[in-house]
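Participant: Okay, so here is run-v2.cif, and as you'll see once you scroll down, it has mmCIF, C-alpha atoms.
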data_final
loop_
_atom_site.label_atom_id
_atom_site.label_comp_id
_atom_site.auth_asym_id
_atom_site.auth_seq_id
_atom_site.Cartn_x
_atom_site.Cartn_y
_atom_site.Cartn_z
CA MET D 1 0.00 0.00 0.00
CA SER D 2 1.18 3.52 -0.74
CA GLU D 3 1.46 5.57 2.45
CA ARG D 4 1.73 9.25 3.28
CA VAL D 5 1.28 11.42 6.35
CA ILE D 6 -2.12 13.14 6.64
CA THR D 7 -4.24 14.56 9.45
CA PHE D 8 -6.98 12.82 11.43
CA ARG D 9 -9.49 15.13 9.68
CA GLU D 10 -8.18 14.22 6.22
CA ALA D 11 -8.26 10.51 7.04
CA ILE D 12 -11.96 10.68 7.89
CA ASN D 13 -12.69 12.74 4.77
CA GLU D 14 -10.87 10.15 2.66
CA ALA D 15 -12.82 7.27 4.22
CA LEU D 16 -16.10 9.04 3.40
CA ASP D 17 -14.89 9.80 -0.14
CA GLN D 18 -13.83 6.23 -0.86
CA GLU D 19 -17.04 4.74 0.53
CA MET D 20 -19.19 7.20 -1.46
CA GLN D 21 -17.21 6.47 -4.62
CA GLU D 22 -17.67 2.72 -4.21
CA ASN D 23 -21.31 2.64 -3.10
CA ALA D 24 -23.95 5.07 -4.41
CA LYS D 25 -26.14 4.20 -1.42
CA VAL D 26 -23.74 5.98 0.97
CA ILE D 27 -25.16 9.44 1.65
CA LEU D 28 -24.24 12.22 4.10
CA ILE D 29 -26.72 14.21 6.20
CA GLY D 30 -25.97 16.95 8.72
CA GLU D 31 -25.86 20.62 9.61
CA ASP D 32 -23.54 22.72 7.39
CA ILE D 33 -21.84 19.65 5.88
CA GLY D 34 -22.28 20.85 2.28
CA ARG D 35 -20.64 24.06 1.02
CA TYR D 36 -19.35 24.88 4.50
CA GLY D 37 -17.74 21.44 4.83
CA GLY D 38 -18.88 20.72 8.37
CA ILE D 39 -18.16 22.61 11.56
CA PHE D 40 -14.70 20.99 11.80
CA GLY D 41 -14.10 20.78 8.05
CA VAL D 42 -14.35 17.01 7.78
CA THR D 43 -16.75 16.92 4.78
CA LYS D 44 -15.03 19.62 2.70
CA ARG D 45 -15.29 19.25 -1.09
CA LEU D 46 -17.47 16.14 -0.95
CA ILE D 47 -20.50 18.11 -2.18
CA ASP D 48 -18.51 19.20 -5.26
CA LYS D 49 -17.88 15.55 -6.11
CA TYR D 50 -21.18 13.95 -5.16
CA GLY D 51 -23.75 16.76 -5.31
CA GLU D 52 -26.53 17.95 -3.07
CA GLU D 53 -28.52 14.72 -3.43
CA ARG D 54 -25.84 12.74 -1.59
CA VAL D 55 -24.41 15.47 0.66
CA ARG D 56 -27.48 16.93 2.31
CA ASP D 57 -27.47 19.98 4.55
CA ALA D 58 -30.01 19.59 7.32
CA PRO D 59 -31.82 22.16 9.48
CA THR D 60 -31.00 22.48 13.19
CA ALA D 61 -33.33 19.62 14.06
CA GLU D 62 -31.24 16.64 15.18
CA SER D 63 -34.15 14.36 15.98
CA GLY D 64 -35.65 15.07 12.55
CA PHE D 65 -32.62 14.45 10.38
CA ILE D 66 -31.41 11.45 12.38
CA GLY D 67 -34.91 10.01 12.11
CA ALA D 68 -34.86 10.63 8.36
CA ALA D 69 -31.50 8.87 8.14
CA ILE D 70 -32.85 5.87 10.04
CA GLY D 71 -35.72 5.65 7.57
CA ALA D 72 -33.29 5.87 4.64
CA ALA D 73 -31.16 3.11 6.19
CA MET D 74 -34.23 0.86 6.47
CA MET D 75 -34.83 1.45 2.74
CA GLY D 76 -31.36 0.28 1.72
CA TYR D 77 -29.21 3.42 1.99
CA ARG D 78 -26.12 3.75 4.19
CA PRO D 79 -26.45 7.23 5.71
CA VAL D 80 -23.58 8.88 7.56
CA VAL D 81 -25.03 11.56 9.83
CA GLU D 82 -22.89 14.35 11.29
CA LEU D 83 -24.06 15.43 14.72
CA MET D 84 -22.07 18.62 15.46
CA PHE D 85 -21.40 17.88 19.13
CA ILE D 86 -22.15 14.76 21.17
CA ASP D 87 -23.63 17.16 23.74
CA PHE D 88 -26.64 17.48 21.40
CA ILE D 89 -27.35 13.75 21.35
CA GLY D 90 -30.00 14.11 24.03
CA VAL D 91 -32.42 15.80 21.64
CA ALA D 92 -32.23 12.77 19.33
CA PHE D 93 -32.18 10.05 21.99
CA ASP D 94 -35.55 8.59 21.09
CA GLN D 95 -34.49 8.10 17.47
CA ILE D 96 -31.15 6.58 18.48
CA ILE D 97 -31.92 4.37 21.47
CA ASN D 98 -35.58 3.50 20.85
CA GLN D 99 -35.55 3.26 17.05
CA ALA D 100 -32.12 2.68 15.46
CA ALA D 101 -30.86 0.41 18.22
CA LYS D 102 -34.06 -1.65 18.48
CA ILE D 103 -35.40 -2.19 14.96
CA ARG D 104 -33.31 -5.27 14.12
CA TYR D 105 -34.28 -6.88 17.45
CA MET D 106 -37.98 -5.99 17.19
CA SER D 107 -38.21 -7.19 13.58
CA GLY D 108 -36.73 -10.59 14.40
CA GLY D 109 -33.61 -9.72 12.42
CA GLY D 110 -35.67 -8.85 9.36
CA ILE D 111 -34.75 -5.14 9.15
CA SER D 112 -31.30 -3.68 9.66
CA VAL D 113 -30.34 -0.04 10.22
CA PRO D 114 -26.89 0.55 8.68
CA ILE D 115 -26.47 4.12 9.89
CA VAL D 116 -23.32 5.84 11.16
CA ILE D 117 -23.67 8.84 13.45
CA ARG D 118 -20.40 10.79 13.37
CA THR D 119 -20.05 13.15 16.28
CA VAL D 120 -17.47 15.15 18.23
CA SER D 121 -16.54 14.96 21.90
CA GLY D 122 -13.93 16.30 24.26
CA ALA D 123 -12.87 19.29 26.31
CA GLY D 124 -9.86 21.60 26.04
CA PHE D 125 -11.15 24.44 23.87
CA SER D 126 -13.12 26.54 26.35
CA GLY D 127 -16.32 25.43 24.70
CA GLY D 128 -18.31 25.46 27.91
CA ALA D 129 -20.39 22.82 29.63
CA GLN D 130 -22.67 22.17 26.63
CA HIS D 131 -19.99 21.73 23.92
CA SER D 132 -17.19 19.87 25.69
CA GLN D 133 -18.54 16.63 27.10
CA SER D 134 -17.47 13.05 26.46
CA LEU D 135 -20.78 11.20 26.67
CA HIS D 136 -19.81 7.84 25.15
CA SER D 137 -20.46 6.07 28.45
CA ILE D 138 -24.19 6.79 28.09
CA LEU D 139 -24.27 5.12 24.68
CA LEU D 140 -22.38 2.04 25.90
CA HIS D 141 -25.41 1.24 28.04
CA ILE D 142 -27.64 0.62 25.02
CA PRO D 143 -27.81 -2.86 23.41
CA GLY D 144 -28.02 -2.61 19.64
CA LEU D 145 -25.58 0.29 19.31
CA LYS D 146 -21.93 0.05 18.40
CA VAL D 147 -19.61 2.78 19.67
CA VAL D 148 -16.23 3.56 18.07
CA MET D 149 -13.60 6.03 19.29
CA PRO D 150 -10.34 6.21 17.28
CA SER D 151 -7.14 7.83 18.56
CA ASN D 152 -5.10 8.36 15.37
CA PRO D 153 -5.52 8.93 11.59
CA PHE D 154 -4.75 5.34 10.54
CA ASP D 155 -7.35 3.88 12.90
CA ALA D 156 -9.87 6.62 12.07
CA LYS D 157 -9.92 5.77 8.36
CA GLY D 158 -10.01 2.00 8.79
CA LEU D 159 -12.60 2.05 11.56
CA LEU D 160 -14.90 4.49 9.74
CA ILE D 161 -14.89 2.30 6.62
CA SER D 162 -15.83 -0.70 8.77
CA SER D 163 -18.53 1.35 10.49
CA ILE D 164 -20.12 2.44 7.19
CA GLU D 165 -20.10 -1.15 5.91
CA ASP D 166 -21.57 -2.50 9.16
CA ASP D 167 -25.25 -3.47 9.03
CA ASP D 168 -26.01 -2.10 12.51
CA PRO D 169 -26.08 1.48 13.88
CA VAL D 170 -22.66 2.82 14.85
CA VAL D 171 -21.86 5.99 16.78
CA PHE D 172 -18.42 7.14 15.58
CA ILE D 173 -16.88 9.59 18.06
CA GLU D 174 -14.09 12.00 17.05
CA HIS D 175 -12.26 13.95 19.76
CA LYS D 176 -11.77 17.65 18.92
CA GLY D 177 -8.18 17.49 20.06
CA LEU D 178 -7.26 14.94 17.39
CA TYR D 179 -8.27 16.67 14.14
CA GLU D 180 -4.78 18.12 13.55
CA THR D 181 -3.01 14.91 14.64
CA ARG D 182 -0.88 13.59 11.79
CA GLY D 183 0.01 10.01 10.96
CA VAL D 184 0.85 7.54 8.23
CA VAL D 185 -2.26 6.46 6.32
CA PRO D 186 -2.38 4.31 3.16
CA LYS D 187 -4.07 5.94 0.16
CA GLU D 188 -5.86 2.73 -0.69
CA LYS D 189 -9.04 1.66 1.02
CA TYR D 190 -8.59 -0.61 4.03
CA SER D 191 -10.68 -1.53 7.04
CA ILE D 192 -10.09 -2.29 10.71
CA PRO D 193 -12.61 -4.70 12.27
CA LEU D 194 -14.80 -3.37 15.07
CA GLY D 195 -14.26 -5.01 18.45
CA VAL D 196 -10.50 -5.48 18.10
CA ALA D 197 -8.27 -3.53 20.50
CA ASP D 198 -4.73 -2.47 19.66
CA ILE D 199 -1.77 -2.86 22.01
CA LYS D 200 -0.05 0.46 21.35
CA LYS D 201 2.87 -0.40 23.60
CA ALA D 202 3.79 -3.75 25.09
CA GLY D 203 4.79 -3.95 28.76
CA LYS D 204 4.91 -6.29 31.73
CA ASP D 205 4.38 -4.31 34.98
CA VAL D 206 0.99 -2.61 34.58
CA THR D 207 -1.83 -2.43 32.00
CA VAL D 208 -3.27 0.97 31.05
CA ILE D 209 -6.48 1.19 29.00
CA ALA D 210 -6.73 4.65 27.44
CA THR D 211 -9.09 6.24 24.89
CA ALA D 212 -8.73 9.00 22.24
CA VAL D 213 -6.65 11.97 23.48
CA MET D 214 -6.01 10.20 26.78
CA LEU D 215 -4.05 7.57 24.86
CA HIS D 216 -1.52 10.16 23.70
CA LYS D 217 -1.13 11.56 27.22
CA THR D 218 -0.60 8.05 28.53
CA LEU D 219 2.06 7.27 25.93
CA SER D 220 3.86 10.44 26.97
CA VAL D 221 3.86 9.29 30.60
CA VAL D 222 5.03 5.81 29.65
CA GLU D 223 8.33 7.17 28.35
CA LYS D 224 9.02 8.85 31.69
CA LEU D 225 8.13 5.67 33.58
CA ARG D 226 10.37 3.62 31.30
CA GLU D 227 13.31 5.69 32.47
CA GLU D 228 12.34 4.70 36.03
CA GLY D 229 12.38 1.02 35.11
CA ILE D 230 8.58 0.59 34.93
CA SER D 231 7.22 -1.27 31.90
CA VAL D 232 3.68 -0.22 30.93
CA GLU D 233 1.39 -2.02 28.49
CA VAL D 234 -0.91 0.51 26.80
CA ILE D 235 -4.11 -0.70 25.13
CA ASP D 236 -6.36 1.38 22.89
CA PRO D 237 -9.77 -0.34 22.83
CA ARG D 238 -10.67 1.60 19.62
CA SER D 239 -14.21 0.28 19.64
CA LEU D 240 -15.87 0.54 23.05
CA ARG D 241 -18.87 -1.58 22.05
CA PRO D 242 -18.21 -4.29 20.98
CA LEU D 243 -15.27 -4.38 23.39
CA ASP D 244 -12.23 -6.60 23.01
CA THR D 245 -12.41 -8.06 26.51
CA GLU D 246 -10.04 -10.90 25.61
CA THR D 247 -7.09 -8.59 24.88
CA ILE D 248 -7.76 -6.58 28.05
CA ALA D 249 -8.09 -9.68 30.24
CA ASN D 250 -4.95 -11.33 28.82
CA SER D 251 -2.96 -8.17 29.50
CA VAL D 252 -4.16 -7.89 33.11
CA LYS D 253 -3.45 -11.58 33.68
CA LYS D 254 0.12 -10.84 32.53
CA THR D 255 0.75 -7.61 34.46
CA GLY D 256 -1.52 -8.02 37.52
CA ARG D 257 -2.25 -4.29 37.62
CA LEU D 258 -4.76 -2.05 35.83
CA VAL D 259 -5.30 1.68 35.29
CA VAL D 260 -8.12 3.00 33.07
CA VAL D 261 -7.81 6.54 31.66
CA ASP D 262 -10.89 8.11 30.06
CA GLU D 263 -12.37 11.60 29.64
CA SER D 264 -16.00 10.70 30.42
CA TYR D 265 -17.55 11.45 33.80
CA PRO D 266 -16.55 8.94 36.53
CA ARG D 267 -19.94 7.56 37.63
CA CYS D 268 -21.39 4.58 35.66
CA SER D 269 -18.70 5.12 33.04
CA PHE D 270 -16.49 3.29 30.56
CA ALA D 271 -13.71 3.34 33.18
CA THR D 272 -15.89 1.84 35.92
CA ASP D 273 -17.24 -0.75 33.47
CA ILE D 274 -13.72 -1.98 32.67
CA ALA D 275 -12.80 -1.96 36.36
CA SER D 276 -15.92 -3.97 37.20
CA PHE D 277 -15.26 -6.47 34.41
CA ILE D 278 -11.72 -7.19 35.61
CA ALA D 279 -12.56 -7.15 39.33
CA SER D 280 -15.49 -9.55 38.91
CA LYS D 281 -13.84 -12.04 36.54
CA TYR D 282 -10.09 -11.80 37.11
CA PHE D 283 -9.73 -10.69 40.72
CA GLU D 284 -7.29 -13.49 41.51
CA TYR D 285 -4.77 -12.04 39.05
CA LEU D 286 -4.75 -8.54 40.60
CA GLU D 287 -1.78 -7.50 42.73
CA ALA D 288 -3.16 -4.01 43.49
CA PRO D 289 -6.52 -2.20 43.51
CA ILE D 290 -7.61 -0.90 40.09
CA LYS D 291 -7.23 2.84 39.53
CA ILE D 292 -9.36 4.97 37.21
CA VAL D 293 -8.29 8.39 35.94
CA THR D 294 -11.23 10.57 34.87
CA PRO D 295 -12.38 14.17 35.25
CA PRO D 296 -14.16 15.10 38.49
CA ASP D 297 -17.91 14.51 38.72
CA THR D 298 -18.86 18.04 37.62
CA PRO D 299 -19.84 19.76 34.34
CA VAL D 300 -16.93 20.97 32.18
CA PRO D 301 -15.82 24.49 33.27
CA TYR D 302 -15.80 27.34 30.71
CA SER D 303 -12.83 29.08 32.33
CA LEU D 304 -9.72 27.81 30.54
CA PRO D 305 -7.58 27.43 33.71
CA LEU D 306 -10.40 25.55 35.43
CA GLU D 307 -10.98 23.43 32.34
CA ARG D 308 -7.30 22.51 32.23
CA ALA D 309 -7.50 21.44 35.85
CA TRP D 310 -10.64 19.42 35.09
CA ILE D 311 -9.22 17.35 32.20
CA PRO D 312 -7.08 14.34 33.20
CA ASN D 313 -3.46 15.27 32.57
CA GLU D 314 -0.09 13.50 32.45
CA GLU D 315 0.58 14.19 36.13
CA LYS D 316 -2.64 12.45 37.23
CA ILE D 317 -1.96 9.50 34.92
CA TYR D 318 1.59 9.22 36.24
CA ASP D 319 0.42 9.34 39.88
CA ALA D 320 -2.20 6.63 39.29
CA ILE D 321 0.29 4.29 37.65
CA LYS D 322 2.87 4.88 40.40
CA LYS D 323 0.30 4.15 43.15
CA VAL D 324 -0.71 0.90 41.49
CA ILE D 325 2.93 -0.12 41.05
CA GLU D 326 3.94 0.81 44.61
CA TYR D 327 0.87 -0.72 46.31
CA LYS D 328 1.67 -3.07 49.18
CA ALA D 329 -1.09 -5.31 50.55
#
Can you dump the structure from the file as structure tokens?
Facilitator:
Amino acid sequence: MSERVITFREAINEALDQEMQENAKVILIGEDIGRYGGIFGVTKRLIDKYGEERVRDAPTAESGFIGAAIGAAMMGYRPVVELMFIDFIGVAFDQIINQAAKIRYMSGGGISVPIVIRTVSGAGFSGGAQHSQSLHSILLHIPGLKVVMPSNPFDAKGLLISSIEDDDPVVFIEHKGLYETRGVVPKEKYSIPLGVADIKKAGKDVTVIATAVMLHKTLSVVEKLREEGISVEVIDPRSLRPLDTETIANSVKKTGRLVVVDESYPRCSFATDIASFIASKYFEYLEAPIKIVTPPDTPVPYSLPLERAWIPNEEKIYDAIKKVIEYKA
């Protein structure tokens, strides 16, 4: 495959372009995704190539256009909906959790809903409490939904292609802090299967599960810990539902220690779900209590200094790993 370095944003645009080129049933729906190119520029130039019939600007009515996309999916299309911010998902919850997620089950497998909802999460840009949340943990609670959260351009392209070709509804979550991230991405089309985690760094002393931007902060900390003689295994789950529990369990059985780093709120969260899974099934392998690193249980502050204090940083990740390593029963 021919490879070059492109941004996370360009990788997603290329995945959409290649899927639209290959399958005329792939259509895009969302607010300002046409001439404007989307609020973060992900759909730029696609309307010039595929026209207004396949790149459809929608009014500010999330429940309406997501409902329309679900109907189109039931009629054989493969809509990719852009929801500007995951914070807005509440206004479309009925369409997502009571319709898209349930139709295959309630039709006895007779009707599928191959829809992808692309949306944006994450703090760090002084966007305030209603434009900065990481709400993926809410979606993980719903059977029938798949939830994907890439951390780099290569994974973003391959996972989005798999998501579009999947016959079930997928929520594809892009962190704002990753759009300018650059990485090697093949020009050719390729896919990464959903439900397969990636071991970003092998280690033997402690396992760290980290998502999206938190993965990059963790990898930064790992280098410092390596100089102290601590070997950290870093796992990016990539798709949160389905979850690659086998890779996570095998790593914890090897290291005996676990830290989970995630930007969603701490209660009933992805981090507590992983901690519960390991504690309930693999307790005998643990040599220390599990640590989770998340923001505090408050809305995201608008003030930039307060927001920076709210987001999990390298210092908090480092402290959690050190406490797990140094724990004495």
Participant: Just give me the residues with any atom within 12 Å of (-19.3, 17.5, 34.5), file coordinates, counting only C-alpha atoms, written as a list in words.
Facilitator: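 Output: Asp87, Gly122, Ala123, Gly128, Ala129, Gln130, His131, Ser132, Gln133, Ser134, Leu135, Glu263, Ser264, Tyr265, Pro266, Arg267, Thr294, Pro295, Pro296, Asp297, Thr298, Pro299, Val300, Pro301, Tyr302, Glu307, Trp310 and Ile311 of chain D.
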Participant: Just say which residues the PyMOL selection byres ((chain D and resi 98-112) around 9) picks in this file, as a list in words.
Facilitator: Gly67, Ile70, Ala73, Met74, Gly76, Phe93, Asp94, Gln95, Ile96, Ile97, Val113, Pro114, Ile115, Ile142, Pro143, Gly144, Leu145, Lys146, Asp167, Asp168 and Pro169 of chain D
Participant: Next, write the just-selected residues to a file, as a JSON list (two decimals), in the frame of the given file, keeping C-alpha atoms as the atom set.
Facilitator:
[["chain", "number", "residue", "atom", "x", "y", "z"],
["D", 67, "GLY", "CA", -34.91, 10.01, 12.11],
["D", 70, "ILE", "CA", -32.85, 5.87, 10.04],
["D", 73, "ALA", "CA", -31.16, 3.11, 6.19],
["D", 74, "MET", "CA", -34.23, 0.86, 6.47],
["D", 76, "GLY", "CA", -31.36, 0.28, 1.72],
["D", 93, "PHE", "CA", -32.18, 10.05, 21.99],
["D", 94, "ASP", "CA", -35.55, 8.59, 21.09],
["D", 95, "GLN", "CA", -34.49, 8.10, 17.47],
["D", 96, "ILE", "CA", -31.15, 6.58, 18.48],
["D", 97, "ILE", "CA", -31.92, 4.37, 21.47],
["D", 113, "VAL", "CA", -30.34, -0.04, 10.22],
["D", 114, "PRO", "CA", -26.89, 0.55, 8.68],
["D", 115, "ILE", "CA", -26.47, 4.12, 9.89],
["D", 142, "ILE", "CA", -27.64, 0.62, 25.02],
["D", 143, "PRO", "CA", -27.81, -2.86, 23.41],
["D", 144, "GLY", "CA", -28.02, -2.61, 19.64],
["D", 145, "LEU", "CA", -25.58, 0.29, 19.31],
["D", 146, "LYS", "CA", -21.93, 0.05, 18.40],
["D", 167, "ASP", "CA", -25.25, -3.47, 9.03],
["D", 168, "ASP", "CA", -26.01, -2.10, 12.51],
["D", 169, "PRO", "CA", -26.08, 1.48, 13.88]]
Participant: Please, what distance in Å, to one decimal, runs between atom CA of D:Gly51 and atom CA of D:Leu159?
Facilitator: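 Calculated distance between atom CA of D:Gly51 and atom CA of D:Leu159 is 25.0 Å.
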Participant: Which residues fall under the PyMOL selection byres ((chain D and resi 170-179) around 6) in this file, as a list of chain:residue names?
Facilitator: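 So the PyMOL selection byres ((chain D and resi 170-179) around 6), applied here, picks out D:Phe8, D:Arg9, D:Val116, D:Ile117, D:Arg118, D:Thr119, D:Val120, D:Ser121, D:Gly122, D:Leu145, D:Lys146, D:Val147, D:Val148, D:Met149, D:Pro169, D:Glu180, D:Thr181.
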Participant: To one decimal in Å, tell me the separation between atom CA of D:Pro79 and atom CA of D:Pro153.
Facilitator: 21.8 Å
Participant: With all atoms listed in the file counted and 12 Å as the cut-off, give the residues of stretch 275-318 of chain D in contact with stretch 188-206 of chain D, each with its shortest interatomic distance in Å and the pair that gives it, as JSON lines.
Facilitator:
{"residue": "D:Tyr285", "atom": "CA", "partner": "D:Val206", "partner_atom": "CA", "distance": 11.9}
{"residue": "D:Leu286", "atom": "CA", "partner": "D:Val206", "partner_atom": "CA", "distance": 10.2}
{"residue": "D:Glu287", "atom": "CA", "partner": "D:Val206", "partner_atom": "CA", "distance": 9.9}
{"residue": "D:Ala288", "atom": "CA", "partner": "D:Val206", "partner_atom": "CA", "distance": 9.9}
{"residue": "D:Pro289", "atom": "CA", "partner": "D:Val206", "partner_atom": "CA", "distance": 11.7}
{"residue": "D:Ile290", "atom": "CA", "partner": "D:Val206", "partner_atom": "CA", "distance": 10.4}
{"residue": "D:Lys291", "atom": "CA", "partner": "D:Val206", "partner_atom": "CA", "distance": 11.0}
{"residue": "D:Tyr318", "atom": "CA", "partner": "D:Val206", "partner_atom": "CA", "distance": 12.0}
Participant: Calculate how many Å separate atom CA of D:Ser151 from atom CA of D:Ala212, rounding to one decimal.
Facilitator: 4.2 Å
Participant: Between D:Thr207, D:Gln18, D:Ser126, D:Thr7, which one has atoms that come closest to D:Thr247, using all atoms listed in the file?
Facilitator: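 Residue with the minimum atom-to-atom distance to D:Thr247: D:Thr207.
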Participant: Kindly indicate which residue among D:Ala58, D:Leu240, D:Ala329, D:Ile292 lies nearest to D:Leu140, using only C-alpha atoms for the distances.
Facilitator: D:Leu240
Participant: Could you give me, as a list in words, the residues within 8 Å of D:Phe154, counting all atoms listed in the file and dropping anything in the same chain fewer than 6 positions from it?
Facilitator: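 The contact residues come out as Phe8, Ala11, Gly183, Val184, Val185 and Pro186 of chain D.
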Participant: What would the file look like if the residues just selected were written as a compact mmCIF listing (two decimals), in the coordinates of the input with C-alpha atoms?
Facilitator:
# COMPACT_ATOMS: atom_id res chain seq x y z
CA PHE D 8 -6.98 12.82 11.43
CA ALA D 11 -8.26 10.51 7.04
CA GLY D 183 0.01 10.01 10.96
CA VAL D 184 0.85 7.54 8.23
CA VAL D 185 -2.26 6.46 6.32
CA PRO D 186 -2.38 4.31 3.16
Participant: For D:Leu28, please output as an MDAnalysis selection string all residues within 12 Å (counting only C-alpha atoms; exclusion window: fewer than 3 positions along the same chain).
Facilitator: chainID D and resid 13 16:17 19:20 24:25 31:34 37:38 42:44 46:47 50:58 65:66 68:69 72:73 77:83 115:118 164
Participant: Rank nothing, just name the residue among D:Ala271, D:Ala279, D:Ile317, D:Ala92 nearest to D:Lys253, using all atoms listed in the file.
Facilitator: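 Checking each of D:Ala271, D:Ala279, D:Ile317, D:Ala92 against D:Lys253, counting all atoms listed in the file, the winner is D:Ala279.
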Participant: Pick out the closest residue to D:Thr211 from this set: D:Val252, D:Val293, D:Ile29, D:Ile230. Count only C-alpha atoms.
Facilitator: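 The shortest atom-to-atom distance to D:Thr211 comes from D:Val293.
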Participant: List every protein, DNA or RNA residue that has an atom no more than 6 Å from (-11.5, 8.5, 9.0) in the file's coordinate frame, counting all atoms listed in the file, and report them as a PyMOL selection string.
Facilitator: chain D and resi 11-12+15+156-157+160
Participant: Which residue is closest to D:Ile325? Choose from D:Met214, D:Val232, D:Val26, D:Met75 and count all atoms listed in the file.
Facilitator: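 For D:Ile325, the nearest of the given residues is D:Val232.
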Participant: Calculated over all atoms listed in the file, which of the candidates D:Val234, D:Val208, D:Ile86, D:Val5 has the smallest distance to D:Asn152?
Facilitator: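 Among the listed residues, the smallest separation from D:Asn152 belongs to D:Val5.
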Participant: So that I can check the surroundings of D:Ser269, please list as an MDAnalysis selection string every protein, DNA and RNA residue that reaches within 9 Å of it, counting all atoms listed in the file and ignoring chain neighbours fewer than 5 positions away.
Facilitator: chainID D and resid 136:138 140 262 264 274
